[in-house]
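One structure is given below, encoded as C-alpha cells.
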Amino acid sequence: MQRVEAEIARLIDECEYDEVTNLFKSLSGGKRLRAKLILKIAPNHKSAPKLAAVVELIHAASLLHDDVIDEAQTRRGVRSVNATEGSKISVMLGDILYSKAFTELVDFDKEIAKTIASSVTSLSKGEMLDVKMAENFNDDEEKYLDMLYLKTATLIEAAARSSAILAGKNAEIHAIYGRNLGLSFQIIDDILDITQDSKTLGKPALNDYVEGKCTLPYIYLYKLLSDEDKEKLKSIHAKELSEEDSMWIREKMNQHKTIEKSFELALKLSDEAKKVMIDDEELVLILDTMIKRSF
Ligand code: FPP
Ligand code: MG
C-alpha cells in the first residue's frame, strides 16, 4: 500500500498546483478498499500500484462531488471540503482528481481503460438515481439494489475485473467477486448508519433517512409495520429527526429484526463472492473483514 500512497502523491504533484496538493493532503484517505483489492489480485504486476492510484483518485473525486450533492458537513470524521472551502472548490478539486485519473488511464491496455471508464458512467447514473429516489419514500427493494449496484458496486467490480486482466487472471470470475463484494459492502454501510453512533461513523447517525435514502432496513421495516406505523415512518422521511423519532425507528427495527434481515442479505452476497474465490485466501479475508467492520 505504501507504493500506492506514493503513486497517489506523485499524481497529485503532477497537477502542479499547491492548492490542490494541500487540499488533497487534508482529506482522510479512507479504507482504500479498492486499492487493496487491486494489489491482492495483481500483486506482482508493476502497473498495479498505478491502477490502484487511478481508481482511488476516481473514488475520492466521486466523494467530493457526493458531499456537495448531499450537502454533507463531514467526511470520514473530518469536515468535508464543501464545508470548509465551499461547494465550488469541492467540485473543482473533484474535477482535477477525476481528469488526472483519466489522463493516466490512457497508458493502460484498452480493455482495462474501458472497464474503468465505463464504470464511472454507471457510478454517475447510480448517483443520479440515488438523488431521484430520495425525493420520495421508496419501498421497492429491487429498485434500491439496482441503484446500489450502479452507485457503489460498479467501481469495485471494475477494480477487480481490470486488475484480473492486468494479472492475466479470469476477469469474469473476479468481476462476480467484485460485484458481490461491492453490494455487500454498501449494505453493511447502510446498516452501520443505523447501528453506530456518529463518533464512530465520522458523520451523523441515521443520516441516510434524513437525506431521504430508504435503505434496506427501512424497506424491510415498512413492509412489516401496521398501517398506522407505515404512515408515521413516511411522515418523518427526509426530515431532521427528533430524539424521539430516532428512538422509535431503532425500536421498531429491533422489534421486526430488519437490521438482522439486511445483514443476512449482505452475508448471502458475501458468500456468493466467496463461492467463486474459495481458493484465494486473501480475497476471502477481504470479504470477512468487510462484513465484520464497525465503521
Ligand atoms: C456515496 O454515496 C457516493 C458514491 C459511492 C458515488 C458518487 C458518485 C458520483 C458523485 C458520480 C461520479 C463522479 C465523479 C467525479 C467520478 P452515499 O452518499 O450513500 O455515501 P456516504 O454516506 O459515504 O456519503
Ligand atoms: Mg453522501
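Please note that chains go A, B, ... in the order of the C-alpha cells, that every chain numbers its residues from 1, and that ligands are numbered from 1 in the order shown.
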
Please provide as a PyMOL selection string all residues within 12 Å of Asp146 of chain A, with the sequence filter that same-chain residues fewer than 2 positions apart are discarded (counting only C-alpha atoms).
chain A and resi 122-123+125-127+129-130+133+140-144+148-154+179+183

For ligand 1, return the neighbouring residues as a list of chain:residue names (distance at most 7 Å; only C-alpha atoms and all ligand atoms).
A:Ile58, A:His59, A:Ala61, A:Ser62, A:Leu63, A:His65, A:Asp66, A:Asp67, A:Asp70, A:Gly94, A:Asp95, A:Tyr98, A:Val120, A:Leu123, A:Ser124, A:Glu127, A:Lys151, A:Thr152

List as a PyMOL selection string the protein and nucleic acid residues lying within 12 Å of ligand 2, with only C-alpha atoms and all ligand atoms counted.
chain A and resi 62-76+80+127-128+130-131+134+151-152+186+189-190+193+203-204+207-213

Looking only at alpha helix (DSSP H) from DSSP on the backbone, list the matching residues of segment 9-252 of chain A as a PyMOL selection string.
chain A and resi 9-13+18-26+33-41+48-69+81-85+87-105+110-133+141-148+154-167+171-195+198-201+207-210+216-224+227-235+243-252

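Between atom CA of Leu192 of chain A and atom CA of Ala158 of chain A the interatomic distance comes to 24.8 Å.
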
At a cut-off of 7 Å, using only C-alpha atoms, what residues contact Ser163 of chain A? Leave out same-chain residues fewer than 4 positions from it and give the result as number ranges by chain.
A: 38, 41-42, 159, 167

What lies within 9 Å of Asp139 of chain A using only C-alpha atoms, ignoring chain neighbours under 2 positions off, as a short mmCIF file (atom, residue, chain, number, x, y, z; two decimals) with N, CA, C and O atoms, in the first residue's frame?
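Final output, saved to selection_15.cif:
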data_model
loop_
_atom_site.label_atom_id
_atom_site.label_comp_id
_atom_site.auth_asym_id
_atom_site.auth_seq_id
_atom_site.Cartn_x
_atom_site.Cartn_y
_atom_site.Cartn_z
N PHE A 137 -40.49 8.54 -0.74
CA PHE A 137 -40.28 7.33 0.04
C PHE A 137 -40.26 6.14 -0.92
O PHE A 137 -41.15 6.01 -1.76
N GLU A 141 -37.45 -2.94 -3.07
CA GLU A 141 -36.13 -3.50 -2.78
C GLU A 141 -35.27 -3.65 -4.04
O GLU A 141 -34.08 -3.33 -4.05
N LYS A 143 -35.43 -2.07 -6.90
CA LYS A 143 -35.02 -0.76 -7.41
C LYS A 143 -33.84 -0.23 -6.58
O LYS A 143 -32.87 0.33 -7.10
N TYR A 144 -33.94 -0.45 -5.27
CA TYR A 144 -32.89 0.00 -4.37
C TYR A 144 -31.57 -0.73 -4.67
O TYR A 144 -30.51 -0.11 -4.78
N CYS A 214 -34.00 5.62 1.56
CA CYS A 214 -34.66 4.49 2.21
C CYS A 214 -33.81 3.25 1.96
O CYS A 214 -33.95 2.58 0.93
N THR A 215 -32.92 2.98 2.89
CA THR A 215 -32.03 1.83 2.73
C THR A 215 -32.77 0.55 3.12
O THR A 215 -33.90 0.60 3.61
N LEU A 216 -32.10 -0.59 2.93
CA LEU A 216 -32.78 -1.88 3.14
C LEU A 216 -33.50 -2.03 4.48
O LEU A 216 -34.65 -2.47 4.50
N TYR A 218 -34.97 0.06 6.24
CA TYR A 218 -36.22 0.83 6.17
C TYR A 218 -37.22 0.15 5.23
O TYR A 218 -38.42 0.11 5.51
N ILE A 219 -36.71 -0.35 4.11
CA ILE A 219 -37.59 -1.02 3.15
C ILE A 219 -38.24 -2.24 3.80
O ILE A 219 -39.45 -2.46 3.71
N TYR A 220 -37.42 -3.04 4.49
CA TYR A 220 -37.96 -4.23 5.18
C TYR A 220 -38.92 -3.82 6.29
O TYR A 220 -39.95 -4.47 6.49
N TYR A 222 -40.80 -1.12 6.54
CA TYR A 222 -42.07 -0.63 6.00
C TYR A 222 -43.05 -1.77 5.74
O TYR A 222 -44.22 -1.70 6.09
N LYS A 223 -42.51 -2.84 5.17
CA LYS A 223 -43.38 -3.99 4.83
C LYS A 223 -43.99 -4.63 6.07
O LYS A 223 -45.07 -5.22 6.00
#

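Among the residues of segment 66-256 of chain A, backbone DSSP assigns strand (DSSP E or B) to Thr74, Arg75, Val78 and Arg79 of chain A.
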
Dump of C-alpha atoms for the selected residues, as a short mmCIF file (atom, residue, chain, number, x, y, z; two decimals), in the first residue's frame:
data_model
loop_
_atom_site.label_atom_id
_atom_site.label_comp_id
_atom_site.auth_asym_id
_atom_site.auth_seq_id
_atom_site.Cartn_x
_atom_site.Cartn_y
_atom_site.Cartn_z
CA THR A 74 -18.36 15.72 7.49
CA ARG A 75 -16.49 13.01 5.63
CA VAL A 78 -13.25 15.42 9.36
CA ARG A 79 -15.07 18.46 7.98
#

Determine, counting only C-alpha atoms, which protein, DNA and RNA residues have an atom within 12 Å of an atom of Arg161 of chain A; residues of the same chain fewer than 4 positions away are not included. Present the result as a PyMOL selection string.
chain A and resi 34+37-38+41-42+51+111-116+119+153-157+165-179

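Among the candidates A:Ala266, A:Leu224, A:Val106, A:Leu283, the one nearest to Ile191 of chain A when counting only C-alpha atoms is A:Ala266.
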
List the spatial neighbours of Met290 of chain A as a ChimeraX atom specification - criterion: any atom at most 9 Å away, only C-alpha atoms, same-chain residues fewer than 5 positions off excluded.
/A:33,181,184-185,188,285

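Taking only C-alpha atoms into account, His237 of chain A lies nearest to A:Leu206 out of the set A:Val91, A:Cys15, A:Met277, A:Leu206.
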
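Taking atom CA of Ala53 of chain A and atom CA of Leu23 of chain A as endpoints, the distance between them is 17.1 Å.
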